[in-house]
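Since the structure comes first, as structure tokens, the remarks are kept for the end.
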Amino acid sequence: MRVTNAPASRERRRRRLERAKGFYGARSKLFRTATEAVDRALRLSTVHRKLKKRDFRQLWIARVNAAARAEGISYSKFIAGLIKAGVTLNRKSLSEIAIQDPAGFKTLVDIAKKA
């Protein structure tokens, strides 16, 4: 009699295909293709978690730069002025202030210009 370990194999395949749900075409249907697609997706998810941080910082800097230039100061001079004045706000909060509270951002620009 041949032992196939069928229940465990079937469960392993089911789990792998479940992870490939939503992938296009054979990548969600065929076991081997799905396995390769899932392995790649897991590998890239690590890389992309790191890249997401970079992308968001870039976005915040672009927003702060646009708001600072509207107030007549470049981004680098604005940040340098804030550092000299001892203001310790990160780029994310600066960008939120620029969007939500333009008057508050103008105050920060004045502080940076004085410093």
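Lettering and numbering for the structure tokens are positional, with chains as A, B, ... in the shown order, residues counted from 1 in each chain, and ligands counted from 1 in the shown order.
Near Thr107 in chain A, within a cut-off of 12 Å and counting only C-alpha atoms, sit the residues Ala68, Glu71, Phe78, Leu82, Val87, Leu94, Ile97, Ala98, Asp101, Pro102, Ala112, Lys113 and Lys114 of chain A, with same-chain residues fewer than 5 positions away left out.
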Selected residues written out, N, CA and C atoms, as a JSON list (two decimals), in the first residue's frame:
[["chain", "number", "residue", "atom", "x", "y", "z"],
["A", 68, "ALA", "N", 6.21, 76.70, 1.82],
["A", 68, "ALA", "CA", 7.25, 77.66, 2.19],
["A", 68, "ALA", "C", 7.48, 78.67, 1.05],
["A", 71, "GLU", "N", 5.15, 81.38, 0.90],
["A", 71, "GLU", "CA", 5.44, 82.41, 1.91],
["A", 71, "GLU", "C", 6.74, 83.15, 1.61],
["A", 78, "PHE", "N", 14.10, 77.49, 5.10],
["A", 78, "PHE", "CA", 13.04, 77.31, 6.10],
["A", 78, "PHE", "C", 13.46, 76.29, 7.15],
["A", 82, "LEU", "N", 14.38, 76.86, 11.13],
["A", 82, "LEU", "CA", 13.68, 76.14, 12.21],
["A", 82, "LEU", "C", 14.69, 75.45, 13.14],
["A", 87, "VAL", "N", 13.24, 74.67, 16.82],
["A", 87, "VAL", "CA", 11.91, 74.06, 16.60],
["A", 87, "VAL", "C", 12.13, 72.63, 16.14],
["A", 94, "LEU", "N", 5.02, 69.10, 9.92],
["A", 94, "LEU", "CA", 5.12, 70.37, 9.19],
["A", 94, "LEU", "C", 4.18, 70.37, 7.98],
["A", 97, "ILE", "N", 0.60, 70.78, 9.18],
["A", 97, "ILE", "CA", 0.36, 72.17, 9.57],
["A", 97, "ILE", "C", 0.16, 73.04, 8.32],
["A", 98, "ALA", "N", 1.02, 72.81, 7.31],
["A", 98, "ALA", "CA", 0.94, 73.59, 6.06],
["A", 98, "ALA", "C", -0.43, 73.42, 5.40],
["A", 101, "ASP", "N", -3.46, 74.29, 8.69],
["A", 101, "ASP", "CA", -3.41, 75.55, 9.44],
["A", 101, "ASP", "C", -2.42, 76.53, 8.80],
["A", 102, "PRO", "N", -2.81, 77.16, 7.68],
["A", 102, "PRO", "CA", -1.89, 78.07, 6.99],
["A", 102, "PRO", "C", -1.39, 79.22, 7.86],
["A", 112, "ALA", "N", 11.37, 81.04, 11.41],
["A", 112, "ALA", "CA", 12.54, 80.59, 10.63],
["A", 112, "ALA", "C", 13.27, 81.79, 10.02],
["A", 113, "LYS", "N", 12.53, 82.79, 9.54],
["A", 113, "LYS", "CA", 13.16, 83.96, 8.94],
["A", 113, "LYS", "C", 13.94, 84.76, 9.97],
["A", 114, "LYS", "N", 13.39, 84.87, 11.20],
["A", 114, "LYS", "CA", 14.10, 85.61, 12.26],
["A", 114, "LYS", "C", 15.39, 84.92, 12.64]]
Length of the CA of Pro7 in chain A to CA of Arg19 in chain A vector [Å]: 18.6 Å
Contact table range 51-114 of chain A vs range 24-47 of chain A, cut-off 12 Å, shortest pair per residue, only C-alpha atoms, as a Markdown table:
| residue | atom | partner | partner_atom | distance |
| --- | --- | --- | --- | --- |
| A:Leu51 | CA | A:Val47 | CA | 6.4 |
| A:Lys52 | CA | A:Val47 | CA | 8.8 |
| A:Lys53 | CA | A:Val47 | CA | 10.6 |
| A:Arg54 | CA | A:Val47 | CA | 11.2 |
Just write the chosen residues, N, CA and C atoms, as a compact mmCIF listing (two decimals), in the first residue's frame.
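part-v6.txt was written with the following content:
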# COMPACT_ATOMS: atom_id res chain seq x y z
N LEU A 51 10.45 51.17 1.15
CA LEU A 51 10.30 52.22 0.14
C LEU A 51 9.15 53.16 0.48
N LYS A 52 8.12 52.63 1.13
CA LYS A 52 6.96 53.45 1.48
C LYS A 52 7.38 54.60 2.39
N LYS A 53 8.27 54.32 3.33
CA LYS A 53 8.76 55.36 4.24
C LYS A 53 9.46 56.47 3.45
N ARG A 54 10.28 56.05 2.47
CA ARG A 54 11.00 57.00 1.63
C ARG A 54 10.02 57.86 0.82
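Interatomic distance, CA of Asp110 in chain A to CA of Ile61 in chain A: 18.6 Å.
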DSSP helix (DSSP H, G or I) residues within chain A, as a PyMOL selection string: chain A and resi 6-19+25-28+31-70+75-85+91-100+102-114
Selected residues written out with C-alpha atoms, as an mmCIF file, in the first residue's frame:
data_model
loop_
_atom_site.group_PDB
_atom_site.id
_atom_site.type_symbol
_atom_site.label_atom_id
_atom_site.label_comp_id
_atom_site.auth_asym_id
_atom_site.auth_seq_id
_atom_site.Cartn_x
_atom_site.Cartn_y
_atom_site.Cartn_z
ATOM 1 C CA ALA A 6 -2.786 13.384 0.902
ATOM 2 C CA PRO A 7 -4.611 15.393 3.600
ATOM 3 C CA ALA A 8 -1.471 17.325 4.545
ATOM 4 C CA SER A 9 -0.468 17.894 0.892
ATOM 5 C CA ARG A 10 -3.953 19.085 0.002
ATOM 6 C CA GLU A 11 -4.003 21.439 2.993
ATOM 7 C CA ARG A 12 -0.568 22.817 2.089
ATOM 8 C CA ARG A 13 -1.713 23.475 -1.493
ATOM 9 C CA ARG A 14 -4.990 25.003 -0.310
ATOM 10 C CA ARG A 15 -3.138 27.400 2.014
ATOM 11 C CA ARG A 16 -0.741 28.467 -0.757
ATOM 12 C CA LEU A 17 -3.551 29.023 -3.297
ATOM 13 C CA GLU A 18 -5.500 30.973 -0.667
ATOM 14 C CA ARG A 19 -2.578 33.407 -0.377
ATOM 15 C CA GLY A 25 -4.724 34.225 -14.341
ATOM 16 C CA ALA A 26 -2.626 31.135 -13.671
ATOM 17 C CA ARG A 27 -0.902 32.863 -10.750
ATOM 18 C CA SER A 28 -4.039 32.279 -8.702
ATOM 19 C CA PHE A 31 -0.004 25.541 -7.614
ATOM 20 C CA ARG A 32 3.541 25.989 -8.859
ATOM 21 C CA THR A 33 2.892 29.347 -10.533
ATOM 22 C CA ALA A 34 1.000 30.522 -7.450
ATOM 23 C CA THR A 35 3.879 29.446 -5.210
ATOM 24 C CA GLU A 36 6.358 31.474 -7.255
ATOM 25 C CA ALA A 37 4.032 34.490 -7.305
ATOM 26 C CA VAL A 38 3.401 34.333 -3.553
ATOM 27 C CA ASP A 39 7.125 33.932 -2.766
ATOM 28 C CA ARG A 40 7.902 36.963 -4.927
ATOM 29 C CA ALA A 41 5.089 38.994 -3.344
ATOM 30 C CA LEU A 42 6.345 38.199 0.163
ATOM 31 C CA ARG A 43 9.915 39.100 -0.811
ATOM 32 C CA LEU A 44 8.867 42.405 -2.378
ATOM 33 C CA SER A 45 6.524 43.307 0.477
ATOM 34 C CA THR A 46 9.602 43.645 2.713
ATOM 35 C CA VAL A 47 11.344 45.915 0.206
ATOM 36 C CA HIS A 48 8.226 47.979 -0.398
ATOM 37 C CA ARG A 49 7.636 48.554 3.307
ATOM 38 C CA LYS A 50 11.003 50.300 3.366
ATOM 39 C CA LEU A 51 10.300 52.222 0.140
ATOM 40 C CA LYS A 52 6.955 53.446 1.479
ATOM 41 C CA LYS A 53 8.760 55.364 4.243
ATOM 42 C CA ARG A 54 10.997 57.000 1.634
ATOM 43 C CA ASP A 55 8.025 57.896 -0.584
ATOM 44 C CA PHE A 56 6.084 59.507 2.243
ATOM 45 C CA ARG A 57 9.046 61.579 3.416
ATOM 46 C CA GLN A 58 9.475 62.790 -0.176
ATOM 47 C CA LEU A 59 5.788 63.765 -0.308
ATOM 48 C CA TRP A 60 5.971 65.699 2.985
ATOM 49 C CA ILE A 61 9.072 67.579 1.832
ATOM 50 C CA ALA A 62 7.363 68.509 -1.461
ATOM 51 C CA ARG A 63 4.321 69.826 0.446
ATOM 52 C CA VAL A 64 6.419 71.828 2.920
ATOM 53 C CA ASN A 65 8.508 73.226 0.058
ATOM 54 C CA ALA A 66 5.382 74.365 -1.826
ATOM 55 C CA ALA A 67 3.928 76.008 1.291
ATOM 56 C CA ALA A 68 7.253 77.661 2.186
ATOM 57 C CA ARG A 69 7.728 79.070 -1.312
ATOM 58 C CA ALA A 70 4.200 80.501 -1.163
ATOM 59 C CA TYR A 75 12.612 74.821 1.758
ATOM 60 C CA SER A 76 16.274 74.576 2.755
ATOM 61 C CA LYS A 77 16.322 78.064 4.307
ATOM 62 C CA PHE A 78 13.039 77.311 6.100
ATOM 63 C CA ILE A 79 14.347 74.063 7.624
ATOM 64 C CA ALA A 80 17.707 75.640 8.503
ATOM 65 C CA GLY A 81 15.883 78.526 10.208
ATOM 66 C CA LEU A 82 13.683 76.143 12.214
ATOM 67 C CA ILE A 83 16.731 74.163 13.351
ATOM 68 C CA LYS A 84 18.522 77.379 14.440
ATOM 69 C CA ALA A 85 15.389 78.505 16.280
ATOM 70 C CA ARG A 91 8.457 66.791 8.112
ATOM 71 C CA LYS A 92 5.167 64.934 8.546
ATOM 72 C CA SER A 93 3.794 67.355 11.134
ATOM 73 C CA LEU A 94 5.120 70.366 9.189
ATOM 74 C CA SER A 95 3.250 69.162 6.106
ATOM 75 C CA GLU A 96 0.050 68.648 8.123
ATOM 76 C CA ILE A 97 0.355 72.174 9.570
ATOM 77 C CA ALA A 98 0.938 73.586 6.064
ATOM 78 C CA ILE A 99 -2.283 71.942 4.834
ATOM 79 C CA GLN A 100 -4.594 72.284 7.856
ATOM 80 C CA PRO A 102 -1.890 78.072 6.986
ATOM 81 C CA ALA A 103 -1.804 80.812 9.661
ATOM 82 C CA GLY A 104 0.190 78.549 11.979
ATOM 83 C CA PHE A 105 2.554 77.698 9.140
ATOM 84 C CA LYS A 106 3.073 81.428 8.465
ATOM 85 C CA THR A 107 4.070 81.808 12.122
ATOM 86 C CA LEU A 108 6.655 79.039 11.674
ATOM 87 C CA VAL A 109 7.970 80.776 8.546
ATOM 88 C CA ASP A 110 8.358 84.031 10.504
ATOM 89 C CA ILE A 111 10.247 82.169 13.255
ATOM 90 C CA ALA A 112 12.539 80.590 10.626
ATOM 91 C CA LYS A 113 13.162 83.960 8.935
ATOM 92 C CA LYS A 114 14.095 85.613 12.258
#
